[in-house]
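Report on the following structure.
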Amino acid sequence: MMQYPVQEFSNLSFRYRVALFTKVILFFIFVSTFGCGQTEKNLSIASKGNVKEKFIVGFSNGFSGNSWRAEMLASLQQEAVKHPEAELIVLDGEGSINKQVMDIEALIARKVDAILLIPNSEVAIVPVLKKAIVMGIKVVHFNLPLEDPECYHVYVGPDEKERGKIWAQWLVGKLNGQGSIVMFGGIPGNPGTAAAVEGALEVFKATQIKVLAYRDSYWQEERGKQIMGELISKFPTIDGIWSDGGQVTAGAIRALLESGRPLIPVTGDDYNGMFKLYLEYHPRNPRFDLAAIATPTWQSKIAFQKTLDLLKGKPVEKWVKIEPRLITGKDAILFAKPTLSDSVFVDTDLPDTVLREIP
């Protein structure tokens, strides 16, 4: 498994491991026989025979409803323009599983060479992806996992269950293993949240932590604020917040502030607004702390590069793992971007001039 640690945020760089092409012919025979382009459990290789000079890569974006997706797409497009040999087509699934399936069908009909995607479901889109593979199309997904390894060639992204556990373990430590918490996820049914929640609940099960409620919040700050306001009205005591999205966490913090409730330990990702709130309010609220695990927007860049490697007949590992890195409140000042908008995600390869244009 190839791994990408979260590196120095201001100067991200990547090193690629390229395996030697021993026994390429035997590998290709295996690929042809089994149909999914996999030569062994952890390795995908495209045939070097008849490699094209021009490629069409279709990107099925599950939805584009927040600034993380905007940054991710900008990073992808920034990389794509460096490769005149590849044409990039972008389709927006609008948060709908059915729409994403139709988008992938459209890309198959367009006879693209590869499909790049962030899935809206880890199960529902498997059949259409297998159809693409049968048609000879390379499939690379990133950021969110898929259930069936036979429906894709390469995954670029984190272990979401591991991330969920890390957030939960930190929260258990802050609460001394007891107390009442609420949990927030993203788009209903998305595989990343599902895996992270599974990991978190495994951790909480062994403690005296009580989960009062779980709510999907579409990774949107306003929705997080609204839902947290409802939970505050319902539950007189909330000791902590487990969330897989910093936007939602920022909204929940604002709801606590408006209600006059004390600020509490929270989790999230590398959303600038969450860091800024911590730096502003922690000095007056010492119990207020945060644990962030970055969700790098540059995953799209790596996924595009790996897609082109496949199309050019180079070996690519089945899972290109983005390693988690825990950032707690004491390090928030190192990662916050006070002069940029709350909506920015700070683990990015985009310059500030571009980030200022992100809605």
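We label chains A, B, ... in the order they appear in the structure tokens, count residues from 1 in each chain, and number ligands from 1 in the order shown.
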### Task
For Leu355 in chain A, list every protein, DNA or RNA residue within 8 Å, evaluated using only C-alpha atoms, and leave out those in the same chain fewer than 2 positions away; present the list as a PyMOL selection string.
chain A and resi 71+340+344+350-353+357-358
### Query
Taking the backbone alone, and naming residues the way the document does, which bits of range 153-269 of chain A are strand (DSSP E or B) by DSSP, as JSON, numbers by chain?
{"A": [154, 155, 156, 157, 178, 179, 180, 181, 182, 183, 184, 185, 208, 209, 210, 211, 212, 213, 214, 215, 216, 240, 241, 242, 243, 266, 267, 268]}
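For the set A:Arg287, A:Arg223, A:Lys165, A:Lys234, the residue with the smallest atom-to-atom gap to Val203 in chain A is A:Lys165, counting only C-alpha atoms.
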What are the closest atom pairs, with distances in Å to one decimal, for each residue of range 84-200 of chain A lying within 7 Å of range 205-218 of chain A, using only C-alpha atoms, rows by chain and rising residue number, as a tab-separated table?
residue	atom	partner	partner_atom	distance
A:Gly177	CA	A:Thr207	CA	5.4
A:Gln178	CA	A:Gln208	CA	4.5
A:Gly179	CA	A:Ile209	CA	5.0
A:Ser180	CA	A:Lys210	CA	4.7
A:Ile181	CA	A:Val211	CA	5.1
A:Val182	CA	A:Ala213	CA	5.1
A:Met183	CA	A:Tyr214	CA	4.6
A:Phe184	CA	A:Arg215	CA	5.0
A:Gly185	CA	A:Asp216	CA	4.6
A:Gly186	CA	A:Tyr218	CA	4.1
A:Ile187	CA	A:Tyr218	CA	4.3
A:Pro188	CA	A:Asp216	CA	5.8
### Query
So which bits of range 46-292 of chain A end up alpha helix (DSSP H) when you DSSP the backbone, as a PyMOL selection string?
chain A and resi 67-80+97-109+126-134+160-174+191-205+221-234+246-259+272-281
Shell of 12 Å around Leu129 in chain A, only C-alpha atoms, local chain residues under 5 positions omitted, as a tab-separated table (two decimals) with N, CA and C atoms, in the first residue's frame:
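What ended up in part_19.tsv:
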chain	number	residue	atom	x	y	z
A	36	CYS	N	-10.72	-7.05	-14.29
A	36	CYS	CA	-10.77	-5.82	-13.52
A	36	CYS	C	-9.45	-5.09	-13.48
A	60	SER	N	-16.61	12.10	-12.18
A	60	SER	CA	-17.95	12.11	-11.59
A	60	SER	C	-17.83	12.60	-10.15
A	100	GLN	N	-25.64	10.36	-10.01
A	100	GLN	CA	-24.27	9.92	-10.23
A	100	GLN	C	-24.23	8.68	-11.12
A	101	VAL	N	-25.15	7.76	-10.91
A	101	VAL	CA	-25.21	6.58	-11.78
A	101	VAL	C	-25.44	7.00	-13.22
A	102	MET	N	-26.36	7.94	-13.44
A	102	MET	CA	-26.62	8.43	-14.80
A	102	MET	C	-25.40	9.13	-15.39
A	103	ASP	N	-24.68	9.88	-14.55
A	103	ASP	CA	-23.46	10.55	-15.01
A	103	ASP	C	-22.42	9.53	-15.47
A	104	ILE	N	-22.26	8.47	-14.70
A	104	ILE	CA	-21.27	7.45	-15.07
A	104	ILE	C	-21.71	6.73	-16.34
A	105	GLU	N	-23.01	6.47	-16.47
A	105	GLU	CA	-23.53	5.89	-17.72
A	105	GLU	C	-23.21	6.80	-18.90
A	106	ALA	N	-23.34	8.10	-18.70
A	106	ALA	CA	-23.04	9.06	-19.77
A	106	ALA	C	-21.57	9.03	-20.14
A	107	LEU	N	-20.71	8.88	-19.15
A	107	LEU	CA	-19.27	8.81	-19.43
A	107	LEU	C	-18.92	7.52	-20.17
A	108	ILE	N	-19.58	6.43	-19.81
A	108	ILE	CA	-19.38	5.17	-20.54
A	108	ILE	C	-19.79	5.34	-22.00
A	114	ALA	N	-10.99	6.74	-18.90
A	114	ALA	CA	-10.96	6.51	-17.45
A	114	ALA	C	-12.07	7.30	-16.78
A	115	ILE	N	-12.55	6.76	-15.67
A	115	ILE	CA	-13.53	7.45	-14.84
A	115	ILE	C	-12.90	7.68	-13.48
A	116	LEU	N	-12.86	8.94	-13.08
A	116	LEU	CA	-12.39	9.37	-11.78
A	116	LEU	C	-13.63	9.77	-11.00
A	117	LEU	N	-13.71	9.44	-9.72
A	117	LEU	CA	-14.94	9.77	-9.01
A	117	LEU	C	-14.75	9.86	-7.50
A	119	PRO	N	-17.46	8.79	-4.75
A	119	PRO	CA	-18.76	8.12	-4.76
A	119	PRO	C	-19.74	8.70	-3.74
A	121	SER	N	-22.25	6.71	-2.86
A	121	SER	CA	-22.62	5.48	-2.16
A	121	SER	C	-21.53	4.45	-2.39
A	122	GLU	N	-21.23	3.67	-1.36
A	122	GLU	CA	-20.21	2.64	-1.52
A	122	GLU	C	-20.76	1.38	-2.16
A	123	VAL	N	-22.09	1.28	-2.28
A	123	VAL	CA	-22.71	0.07	-2.80
A	123	VAL	C	-23.50	0.32	-4.08
A	124	ALA	N	-24.33	1.36	-4.09
A	124	ALA	CA	-25.31	1.55	-5.16
A	124	ALA	C	-24.69	1.77	-6.53
A	134	VAL	N	-15.80	-3.59	-17.55
A	134	VAL	CA	-16.00	-4.55	-18.64
A	134	VAL	C	-15.79	-3.88	-19.99
A	135	MET	N	-16.12	-2.60	-20.08
A	135	MET	CA	-15.94	-1.84	-21.32
A	135	MET	C	-14.49	-1.39	-21.52
A	136	GLY	N	-13.60	-1.76	-20.60
A	136	GLY	CA	-12.19	-1.41	-20.74
A	136	GLY	C	-11.82	-0.06	-20.18
A	137	ILE	N	-12.70	0.53	-19.38
A	137	ILE	CA	-12.46	1.85	-18.79
A	137	ILE	C	-11.79	1.70	-17.44
A	138	LYS	N	-10.74	2.47	-17.21
A	138	LYS	CA	-10.07	2.46	-15.92
A	138	LYS	C	-10.90	3.26	-14.91
A	139	VAL	N	-11.00	2.75	-13.68
A	139	VAL	CA	-11.80	3.40	-12.64
A	139	VAL	C	-10.90	3.71	-11.44
A	140	VAL	N	-10.85	4.98	-11.07
A	140	VAL	CA	-10.07	5.44	-9.93
A	140	VAL	C	-10.99	6.30	-9.06
A	141	HIS	N	-11.13	5.95	-7.80
A	141	HIS	CA	-11.94	6.79	-6.91
A	141	HIS	C	-11.07	7.31	-5.77
A	146	LEU	N	-15.21	2.66	-1.60
A	146	LEU	CA	-16.19	1.78	-2.24
A	146	LEU	C	-16.09	0.40	-1.60
A	147	GLU	N	-17.22	-0.28	-1.52
A	147	GLU	CA	-17.26	-1.56	-0.81
A	147	GLU	C	-16.58	-2.69	-1.56
A	148	ASP	N	-16.75	-2.74	-2.89
A	148	ASP	CA	-16.31	-3.88	-3.68
A	148	ASP	C	-15.01	-3.57	-4.42
A	149	PRO	N	-13.90	-4.20	-4.07
A	149	PRO	CA	-12.63	-3.91	-4.75
A	149	PRO	C	-12.60	-4.34	-6.21
A	150	GLU	N	-13.59	-5.12	-6.64
A	150	GLU	CA	-13.65	-5.54	-8.04
A	150	GLU	C	-14.24	-4.46	-8.94
A	151	CYS	N	-14.72	-3.36	-8.37
A	151	CYS	CA	-15.36	-2.33	-9.19
A	151	CYS	C	-14.45	-1.13	-9.45
A	152	TYR	N	-13.20	-1.21	-9.05
A	152	TYR	CA	-12.27	-0.12	-9.31
A	152	TYR	C	-10.85	-0.66	-9.40
A	153	HIS	N	-9.98	0.16	-9.96
A	153	HIS	CA	-8.58	-0.22	-10.09
A	153	HIS	C	-7.72	0.37	-8.97
Contact check, range 297-335 of chain A to range 266-284 of chain A, at most 8 Å, counting only C-alpha atoms, closest pairs as a tab-separated table:
residue	atom	partner	partner_atom	distance
A:Gly329	CA	A:Tyr278	CA	7.2
A:Ala332	CA	A:Phe275	CA	5.8
A:Ile333	CA	A:Leu279	CA	7.1
A:Phe335	CA	A:Phe275	CA	7.8
Print the selection's residues with C-alpha atoms to a file, as a PDB file, in the first residue's frame.
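And here is the file that came out, selection.pdb:
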ATOM      1  CA  GLY A 329      -6.010  22.984  19.721  1.00  0.00           C
ATOM      2  CA  ALA A 332      -4.316  25.423  15.685  1.00  0.00           C
ATOM      3  CA  ILE A 333      -2.310  28.620  15.323  1.00  0.00           C
ATOM      4  CA  PHE A 335      -2.604  25.883  10.538  1.00  0.00           C
TER       5      PHE A 335
END
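Those residues that approach Ala74 in chain A to within 12 Å, counting only C-alpha atoms, are Ser64, Ser67, Trp68, Arg69, Ala70, Glu71, Gln77, Gln78, Glu79, Ala80, Val81, Val90, Thr297, Trp298, Gln299, Ser300, Lys301, Thr348, Asp349, Leu350, Pro351, Val354, Leu355, Glu357, Ile358 and Pro359 of chain A; same-chain residues fewer than 3 positions away are not listed.
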### Message
Just checking: using only C-alpha atoms, which residue out of A:Thr328, A:Thr307, A:Gln226, A:Asn120 ends up closest to Gly58 in chain A?
### Response
A:Thr307
### Message
Residues near Arg163 in chain A, anyone? I mean within 8 Å using only C-alpha atoms, not counting same-chain ones fewer than 4 positions away, as number ranges by chain.
### Response
A: 158-159, 167, 196, 199, 293, 324
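Here CA of Lys54 in chain A is placed at a distance of 19.3 Å from CA of Ile302 in chain A.
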